[in-house]
Amino acid sequence: ANDDQQSTETRFSEEDENDVLALARDIAGMYSKRTASLLPSSPSELDSIPVGMEHGLARSTLPHRSTDWITHNGRCLDNIMRGRSTIHQAGMGGFARRFLANGSHIVPVPLALIPDRDILTMYNIFERDA
């Protein structure tokens with residue numbers, strides 16, 4: 001690095017860091033109380049969260065499963081991959097990695113019971129400029 005360059009790193013006070021974390025928890029809580037509960041409550045707690053694929057937040061919030069449990073309850077998902085659709089404007093999707101016979105299970109999916117079909121009705125709601 002060049003000695004003439006000044007550091008662009010900004011330092012915040014602990015009070016400012018606490019305010020930012022509280023704001024982040026409040027915003028996340030408007031969408032999901034569960035997600036908000038995962039956010040750190042202090043700068044020191046934030047610093048203690050391990051970073052990296054092997055120690056990420058998801059791993060730290062999931063229960064540890066034994067090899068026996070995984071062998072008995074786990075499902076292999078090596079027959080599907082993500083990729084971009086060849087259908088115009090369809091975006092990303094799941095695609096078979098190999099031939100799948102008719103009636104094959106692709107991925108296990110838990111189902112949610114929806115007791116009132118009307119909650120699935122979608123409406124176009126937008127404001128028009130006056």
# chains A, B, ... in the order shown; residues from 1 in each chain; ligands from 1

$ residues_around --residues "Arg34 of chain A" --least-positions-apart "5" --cutoff "12 Å" --atoms "only C-alpha atoms" --output "MDAnalysis selection string"
chainID A and resid 25:26 28:29 39 61

$ residues_around --residues "Gly74 of chain A" --least-positions-apart "6" --cutoff "12 Å" --atoms "only C-alpha atoms" --output "list in words"
Arg65, Ser66, Thr67, Asp68, Val107 and Pro108 of chain A

$ select_by_dssp --residues "segment 43-129 of chain A" --states "strand (DSSP E)" --output "NGL selection string"
:A and (80-84 or 92-96)

$ atom_distance --atom1 "atom CA of Ala36 of chain A" --atom2 "atom CA of Asp19 of chain A"
14.7 Å
